[in-house]
Structures are given as C-alpha cells and as structure tokens.
Amino acid sequence: MAIPVVLDCDPGHDDAMALLLAVADPAIDLRAVTTVAGNQTVEKCTINARRVLSLAGARDVPIARGADRPSVRPLRIADDVHGETGLDGPLFDGDPTVPEATITAHELLVDVLTTHESLVTIVATGALTNVARLLAERPELTDRIDQVVWMGGSTERGNVTPYAEANCFVDPEAADQVLRSGVPFTMCGLNVTHQALVTDDVLASFARIGTPLAGICIEWMTFFASTYQHLWGFTAPPLHDPVAVARVIDPTIVRCVEANVVIETKGEWTAGATAVDLHHYTGRAPNAQVAIELDQTAFWAKLIDAITLLGHQPNG
C-alpha cells in the first residue's frame, strides 16, 4: 500500500525535484502539498509549487500556502542560491494550471490528518514552521503522524553559517519545537545530501530521457550548479530535498542511525546548529533517526524513473 504523504516545502530547485519524485513514485500517495517561506517568500514558493505540480499533471493534489515568516525571527531567503523567482532557469509562459486551495496550509494539514484512514507521513523540505504550528495548536494530532522526515540540519558543518544548515537556520525555534514534541523524526542533513551530487553523468542520464520535462529538470539543475559553483566551489551541486522523499520511498536508500539531536537556538555564532550526538557523549536518549549514508545508484534510479514516467504521461 502506498504511504500517505504531505510534502511541506519551499520550492526551490531541489524542492521541485522532490515534488516530482513524490508525485511519480508508486510507493507514495501524495495527499497534499503545503508551502512555507524559506528559499523565497511564501508567495513565490507557492507559485513555484503550483507550477511543478502543473508540469507533473498532478491536478488532484491540493496545495495550500503556509507561514510567511519564521516563528520569532525575521525571514532570510536564499535568492543567492535559487534566484529572484526561487526557481530560476527555465522560462515559463502563463500561470500554472494547478490552483491554490482556498484554505491555509494549517487547515489542509489538519484536514488530511483527521480524515485519512491511516497514519500520515510529513516530509518537510524547508523550515519547520508549519509543522511546529500544527503540533502546538493541535497536539492531539501527533498520534495521527507516522513520522516527520526532514531535509535539514547536518552532523557536520553548515551552509549558511559555519554550523547552521539553511532550513534549520531559517527557523531553529520551530525545529526545536518539533523535536521536543516526541513525534517520530528523521533528519536528512547536509552530510548525506552532499552524497547526492548532480554530476555530468547524472545530467546525461536525464538528457537520455528526451522529454520536455527532463529538459526542464536539466535547466533547474544547471542553474543550481552555477550558484553552487559560485558560492561554494562545488563542481557538481548536491540535490538535497529528494533525499528525504527517497527515505520514505525505500528506507534502504538512506541509511540512518539513532541519535540524540538538539537544536541550538541561543548561540551567538551557532544559532540553527544541529548538535547530533552520534557517539553518545551526552547520555541523552536518541530522539531521531539521523541519515548518514546514501545509496547513490538507487537514489538516482528512482529520480530517473520518476521523470521518465511523468514525461510520458499525457499531462506530463
């Protein structure tokens, strides 16, 4: 049976690829998409999510706008990485065909959790602001969540500050709140997503698909590569967010270990850091599954299969 999933995201080039994977893979039943401010403003992220679902032909997946700012901090967007639109690269004509829901992301999350017959997985590929609000305002729904799988944090260094990864840096208070809630939690951080590199061989595999959608994916990843080369010197960019989706599709693709994770919210130089106790220094009980190793062959095979399938559908 396919796993019911809500994808909470801030598209973003890698979020876009995560959305396509979640729509296409038969292991996932994508029940809803919610958006949050992060890579760009929530307005732009919502348009981008609608555009990606339109490209995928996923017109039956509701999409709702969520938090337009972090819990307590000013918003920091990543236009230096994702551009002015948040999804720079290909030029799109006209408006996306998938509409925005008339309800908020919070209302849509509540609706999915209360009406679906089985437990729901939340895959979050942005700041955890929407998820934290859900757990704070409707704590009784914690038991309706199978797990939260988050692309965020790192067992090593950061990518916004020396120790903070972007999705955690945007709203560390929300990440701290979600971890403290007791909901089953998996962290797919930079240490594992940096194993998902868009090499020339990967781009060639997408080119061989030969569909317009594959061409758009190449444009996205090529733009992303240019900013990563400029900002961090990567010769091939890491495709972060689909790793979290792949973990849900097949847990063997993303190997995890149990560990205690604490979010730093007060440090002058370390706010947004994820303190991951891989070696049990603190004696604190594990509170998360922490991703440490990616089966790169299986990961890219899932993405190639997804884009191939979507590109050959009538609405793809």
# chains A, B, ... in the order shown; residues from 1 in each chain; ligands from 1

call {"tool": "residues_around", "arguments": {"residues": "Leu203 (chain A)", "least_positions_apart": "2", "cutoff": "10 Å", "atoms": "only C-alpha atoms", "output": "PyMOL selection string"}}
result
chain A and resi 198-201+205-208+214-215+217-219+221-222

call {"tool": "write_last_selection", "arguments": {"atoms": "N, CA and C atoms", "output": "PDB file, in the first residue's frame"}}
result
ATOM      1  N   VAL A 198      24.914  16.152  -8.484  1.00  0.00           N
ATOM      2  CA  VAL A 198      24.459  16.189  -9.881  1.00  0.00           C
ATOM      3  C   VAL A 198      25.694  16.276 -10.780  1.00  0.00           C
ATOM      4  N   THR A 199      26.240  15.129 -11.091  1.00  0.00           N
ATOM      5  CA  THR A 199      27.436  15.052 -11.924  1.00  0.00           C
ATOM      6  C   THR A 199      27.061  15.141 -13.408  1.00  0.00           C
ATOM      7  N   ASP A 200      28.070  15.224 -14.259  1.00  0.00           N
ATOM      8  CA  ASP A 200      27.825  15.212 -15.701  1.00  0.00           C
ATOM      9  C   ASP A 200      27.135  13.919 -16.126  1.00  0.00           C
ATOM     10  N   ASP A 201      27.484  12.817 -15.481  1.00  0.00           N
ATOM     11  CA  ASP A 201      26.837  11.541 -15.809  1.00  0.00           C
ATOM     12  C   ASP A 201      25.351  11.572 -15.454  1.00  0.00           C
ATOM     13  N   SER A 205      22.145  11.230 -18.009  1.00  0.00           N
ATOM     14  CA  SER A 205      21.042  10.279 -17.832  1.00  0.00           C
ATOM     15  C   SER A 205      19.696  10.969 -18.010  1.00  0.00           C
ATOM     16  N   PHE A 206      19.568  12.191 -17.495  1.00  0.00           N
ATOM     17  CA  PHE A 206      18.335  12.952 -17.687  1.00  0.00           C
ATOM     18  C   PHE A 206      18.160  13.322 -19.158  1.00  0.00           C
ATOM     19  N   ALA A 207      19.249  13.683 -19.822  1.00  0.00           N
ATOM     20  CA  ALA A 207      19.161  14.051 -21.238  1.00  0.00           C
ATOM     21  C   ALA A 207      18.668  12.882 -22.083  1.00  0.00           C
ATOM     22  N   ARG A 208      19.047  11.665 -21.712  1.00  0.00           N
ATOM     23  CA  ARG A 208      18.627  10.496 -22.485  1.00  0.00           C
ATOM     24  C   ARG A 208      17.131  10.231 -22.368  1.00  0.00           C
ATOM     25  N   ALA A 214      12.121  16.435 -18.738  1.00  0.00           N
ATOM     26  CA  ALA A 214      13.525  16.148 -18.427  1.00  0.00           C
ATOM     27  C   ALA A 214      14.406  17.344 -18.771  1.00  0.00           C
ATOM     28  N   GLY A 215      14.086  18.015 -19.868  1.00  0.00           N
ATOM     29  CA  GLY A 215      14.841  19.204 -20.239  1.00  0.00           C
ATOM     30  C   GLY A 215      14.716  20.310 -19.207  1.00  0.00           C
ATOM     31  N   CYS A 217      14.114  19.834 -16.003  1.00  0.00           N
ATOM     32  CA  CYS A 217      14.904  19.382 -14.855  1.00  0.00           C
ATOM     33  C   CYS A 217      16.387  19.683 -15.057  1.00  0.00           C
ATOM     34  N   ILE A 218      16.872  19.472 -16.259  1.00  0.00           N
ATOM     35  CA  ILE A 218      18.275  19.781 -16.552  1.00  0.00           C
ATOM     36  C   ILE A 218      18.535  21.270 -16.385  1.00  0.00           C
ATOM     37  N   GLU A 219      17.611  22.111 -16.856  1.00  0.00           N
ATOM     38  CA  GLU A 219      17.777  23.555 -16.684  1.00  0.00           C
ATOM     39  C   GLU A 219      17.790  23.945 -15.217  1.00  0.00           C
ATOM     40  N   MET A 221      18.685  22.040 -12.642  1.00  0.00           N
ATOM     41  CA  MET A 221      19.908  21.561 -12.005  1.00  0.00           C
ATOM     42  C   MET A 221      21.139  22.318 -12.509  1.00  0.00           C
ATOM     43  N   THR A 222      21.105  22.762 -13.747  1.00  0.00           N
ATOM     44  CA  THR A 222      22.220  23.538 -14.289  1.00  0.00           C
ATOM     45  C   THR A 222      22.286  24.912 -13.640  1.00  0.00           C
TER      46      THR A 222
END

call {"tool": "residues_around", "arguments": {"residues": "Ala288 (chain A)", "least_positions_apart": "4", "cutoff": "10 Å", "atoms": "only C-alpha atoms", "output": "ChimeraX atom specification"}}
result
/A:148-149,179,182-187,256-262,276

call {"tool": "atom_distance", "arguments": {"atom1": "CA of Thr193 (chain A)", "atom2": "CA of Ile3 (chain A)"}}
result
22.3 Å

call {"tool": "select_by_dssp", "arguments": {"residues": "region 138-281 of chain A", "states": "alpha helix (DSSP H)", "output": "PyMOL selection string"}}
result
chain A and resi 166-170+172-180+190-193+200-209+212-232+242-249

call {"tool": "atom_distance", "arguments": {"atom1": "CA of Arg255 (chain A)", "atom2": "CA of Ala225 (chain A)"}}
result
25.7 Å

call {"tool": "select_by_dssp", "arguments": {"residues": "region 63-268 of chain A", "states": "strand (DSSP E or B)", "output": "VMD selection string"}}
result
chain A and resid 63 to 65 120 to 124 145 to 151 164 185 to 188 197 238 254 to 263

call {"tool": "closest_residue", "arguments": {"among": "A:Arg73, A:His279, A:Arg247, A:His230", "to": "Ala27 (chain A)", "atoms": "only C-alpha atoms"}}
result
A:Arg247

call {"tool": "residues_around", "arguments": {"residues": "Ile253 (chain A)", "least_positions_apart": "3", "cutoff": "9 Å", "atoms": "only C-alpha atoms", "output": "number ranges by chain"}}
result
A: 243, 246-247, 249-250, 293-299

call {"tool": "write_last_selection", "arguments": {"atoms": "N, CA and C atoms", "output": "tab-separated table (two decimals), in the first residue's frame"}}
result
chain	number	residue	atom	x	y	z
A	243	VAL	N	16.33	13.56	-1.27
A	243	VAL	CA	16.85	12.52	-0.38
A	243	VAL	C	15.81	12.19	0.70
A	246	ALA	N	13.17	10.07	-0.89
A	246	ALA	CA	13.71	8.73	-1.14
A	246	ALA	C	13.73	7.89	0.13
A	247	ARG	N	14.00	8.51	1.26
A	247	ARG	CA	13.99	7.79	2.54
A	247	ARG	C	12.62	7.19	2.81
A	249	ILE	N	10.28	6.49	0.41
A	249	ILE	CA	10.00	5.50	-0.64
A	249	ILE	C	10.62	4.15	-0.31
A	250	ASP	N	11.89	4.18	0.09
A	250	ASP	CA	12.64	2.96	0.40
A	250	ASP	C	13.70	3.29	1.43
A	293	GLU	N	24.18	7.77	5.28
A	293	GLU	CA	24.74	7.18	4.05
A	293	GLU	C	23.65	7.04	2.99
A	294	LEU	N	23.99	7.40	1.75
A	294	LEU	CA	23.06	7.34	0.63
A	294	LEU	C	23.50	6.28	-0.37
A	295	ASP	N	22.57	5.43	-0.77
A	295	ASP	CA	22.80	4.51	-1.89
A	295	ASP	C	22.59	5.33	-3.16
A	296	GLN	N	23.68	5.86	-3.69
A	296	GLN	CA	23.58	6.81	-4.79
A	296	GLN	C	22.98	6.18	-6.05
A	297	THR	N	23.33	4.96	-6.34
A	297	THR	CA	22.80	4.30	-7.54
A	297	THR	C	21.29	4.15	-7.45
A	298	ALA	N	20.81	3.70	-6.31
A	298	ALA	CA	19.36	3.52	-6.15
A	298	ALA	C	18.64	4.86	-6.12
A	299	PHE	N	19.26	5.86	-5.51
A	299	PHE	CA	18.65	7.20	-5.43
A	299	PHE	C	18.44	7.78	-6.83

call {"tool": "decode", "arguments": {"residues": "region 19-90 of chain A", "atoms": "C-alpha atoms", "output": "PDB file, in the first residue's frame"}}
result
ATOM      1  CA  LEU A  19       7.886  17.180  -5.613  1.00  0.00           C
ATOM      2  CA  LEU A  20       8.252  15.372  -8.932  1.00  0.00           C
ATOM      3  CA  LEU A  21       9.614  12.287  -7.184  1.00  0.00           C
ATOM      4  CA  ALA A  22       6.757  12.298  -4.660  1.00  0.00           C
ATOM      5  CA  VAL A  23       4.138  12.638  -7.408  1.00  0.00           C
ATOM      6  CA  ALA A  24       5.548   9.892  -9.596  1.00  0.00           C
ATOM      7  CA  ASP A  25       6.810   7.121  -7.328  1.00  0.00           C
ATOM      8  CA  PRO A  26       4.153   4.449  -6.692  1.00  0.00           C
ATOM      9  CA  ALA A  27       5.338   3.984  -3.101  1.00  0.00           C
ATOM     10  CA  ILE A  28       3.926   7.424  -2.203  1.00  0.00           C
ATOM     11  CA  ASP A  29       0.331   8.609  -2.113  1.00  0.00           C
ATOM     12  CA  LEU A  30       0.796  12.391  -2.181  1.00  0.00           C
ATOM     13  CA  ARG A  31      -2.215  13.697  -0.281  1.00  0.00           C
ATOM     14  CA  ALA A  32      -1.310  17.391  -0.162  1.00  0.00           C
ATOM     15  CA  VAL A  33       1.420  19.987  -0.641  1.00  0.00           C
ATOM     16  CA  THR A  34       1.923  22.869   1.770  1.00  0.00           C
ATOM     17  CA  THR A  35       4.324  25.761   1.378  1.00  0.00           C
ATOM     18  CA  VAL A  36       6.447  27.799   3.753  1.00  0.00           C
ATOM     19  CA  ALA A  37       8.708  30.821   3.395  1.00  0.00           C
ATOM     20  CA  GLY A  38      12.378  29.949   3.113  1.00  0.00           C
ATOM     21  CA  ASN A  39      14.143  29.711  -0.220  1.00  0.00           C
ATOM     22  CA  GLN A  40      11.950  32.600  -1.307  1.00  0.00           C
ATOM     23  CA  THR A  41       8.855  34.359   0.003  1.00  0.00           C
ATOM     24  CA  VAL A  42       5.878  32.105   0.613  1.00  0.00           C
ATOM     25  CA  GLU A  43       4.067  33.797  -2.298  1.00  0.00           C
ATOM     26  CA  LYS A  44       6.811  32.816  -4.729  1.00  0.00           C
ATOM     27  CA  CYS A  45       7.264  29.364  -3.204  1.00  0.00           C
ATOM     28  CA  THR A  46       3.530  28.702  -3.601  1.00  0.00           C
ATOM     29  CA  ILE A  47       3.554  29.727  -7.259  1.00  0.00           C
ATOM     30  CA  ASN A  48       6.575  27.504  -7.809  1.00  0.00           C
ATOM     31  CA  ALA A  49       4.904  24.524  -6.147  1.00  0.00           C
ATOM     32  CA  ARG A  50       1.805  25.060  -8.292  1.00  0.00           C
ATOM     33  CA  ARG A  51       3.990  25.244 -11.379  1.00  0.00           C
ATOM     34  CA  VAL A  52       5.792  21.987 -10.550  1.00  0.00           C
ATOM     35  CA  LEU A  53       2.533  20.146  -9.875  1.00  0.00           C
ATOM     36  CA  SER A  54       1.197  21.503 -13.164  1.00  0.00           C
ATOM     37  CA  LEU A  55       4.240  20.166 -15.014  1.00  0.00           C
ATOM     38  CA  ALA A  56       3.670  16.808 -13.334  1.00  0.00           C
ATOM     39  CA  GLY A  57      -0.011  16.740 -14.263  1.00  0.00           C
ATOM     40  CA  ALA A  58      -0.886  16.405 -10.555  1.00  0.00           C
ATOM     41  CA  ARG A  59      -4.090  18.420 -10.686  1.00  0.00           C
ATOM     42  CA  ASP A  60      -5.789  16.389  -7.965  1.00  0.00           C
ATOM     43  CA  VAL A  61      -3.192  17.222  -5.284  1.00  0.00           C
ATOM     44  CA  PRO A  62      -4.339  20.182  -3.145  1.00  0.00           C
ATOM     45  CA  ILE A  63      -1.762  22.851  -2.404  1.00  0.00           C
ATOM     46  CA  ALA A  64      -2.070  25.437   0.354  1.00  0.00           C
ATOM     47  CA  ARG A  65       0.004  28.397   1.479  1.00  0.00           C
ATOM     48  CA  GLY A  66       1.560  28.308   4.922  1.00  0.00           C
ATOM     49  CA  ALA A  67       3.715  30.531   7.118  1.00  0.00           C
ATOM     50  CA  ASP A  68       5.099  33.669   5.522  1.00  0.00           C
ATOM     51  CA  ARG A  69       7.773  34.129   8.212  1.00  0.00           C
ATOM     52  CA  PRO A  70       9.596  32.117  10.864  1.00  0.00           C
ATOM     53  CA  SER A  71       8.242  31.663  14.381  1.00  0.00           C
ATOM     54  CA  VAL A  72      10.190  34.502  16.019  1.00  0.00           C
ATOM     55  CA  ARG A  73      12.964  35.627  13.657  1.00  0.00           C
ATOM     56  CA  PRO A  74      12.985  37.788  10.531  1.00  0.00           C
ATOM     57  CA  LEU A  75      12.853  35.846   7.283  1.00  0.00           C
ATOM     58  CA  ARG A  76      16.102  35.158   5.457  1.00  0.00           C
ATOM     59  CA  ILE A  77      15.530  33.998   1.871  1.00  0.00           C
ATOM     60  CA  ALA A  78      18.049  32.190  -0.348  1.00  0.00           C
ATOM     61  CA  ASP A  79      17.805  34.254  -3.525  1.00  0.00           C
ATOM     62  CA  ASP A  80      21.583  33.968  -3.885  1.00  0.00           C
ATOM     63  CA  VAL A  81      21.059  30.227  -4.434  1.00  0.00           C
ATOM     64  CA  HIS A  82      17.636  29.951  -6.089  1.00  0.00           C
ATOM     65  CA  GLY A  83      17.325  33.311  -7.829  1.00  0.00           C
ATOM     66  CA  GLU A  84      14.702  36.021  -7.932  1.00  0.00           C
ATOM     67  CA  THR A  85      11.787  33.650  -8.553  1.00  0.00           C
ATOM     68  CA  GLY A  86      13.094  30.891  -6.308  1.00  0.00           C
ATOM     69  CA  LEU A  87      13.057  28.616  -9.356  1.00  0.00           C
ATOM     70  CA  ASP A  88      15.239  30.492 -11.833  1.00  0.00           C
ATOM     71  CA  GLY A  89      16.437  28.801 -15.016  1.00  0.00           C
ATOM     72  CA  PRO A  90      13.689  27.833 -17.474  1.00  0.00           C
TER      73      PRO A  90
END
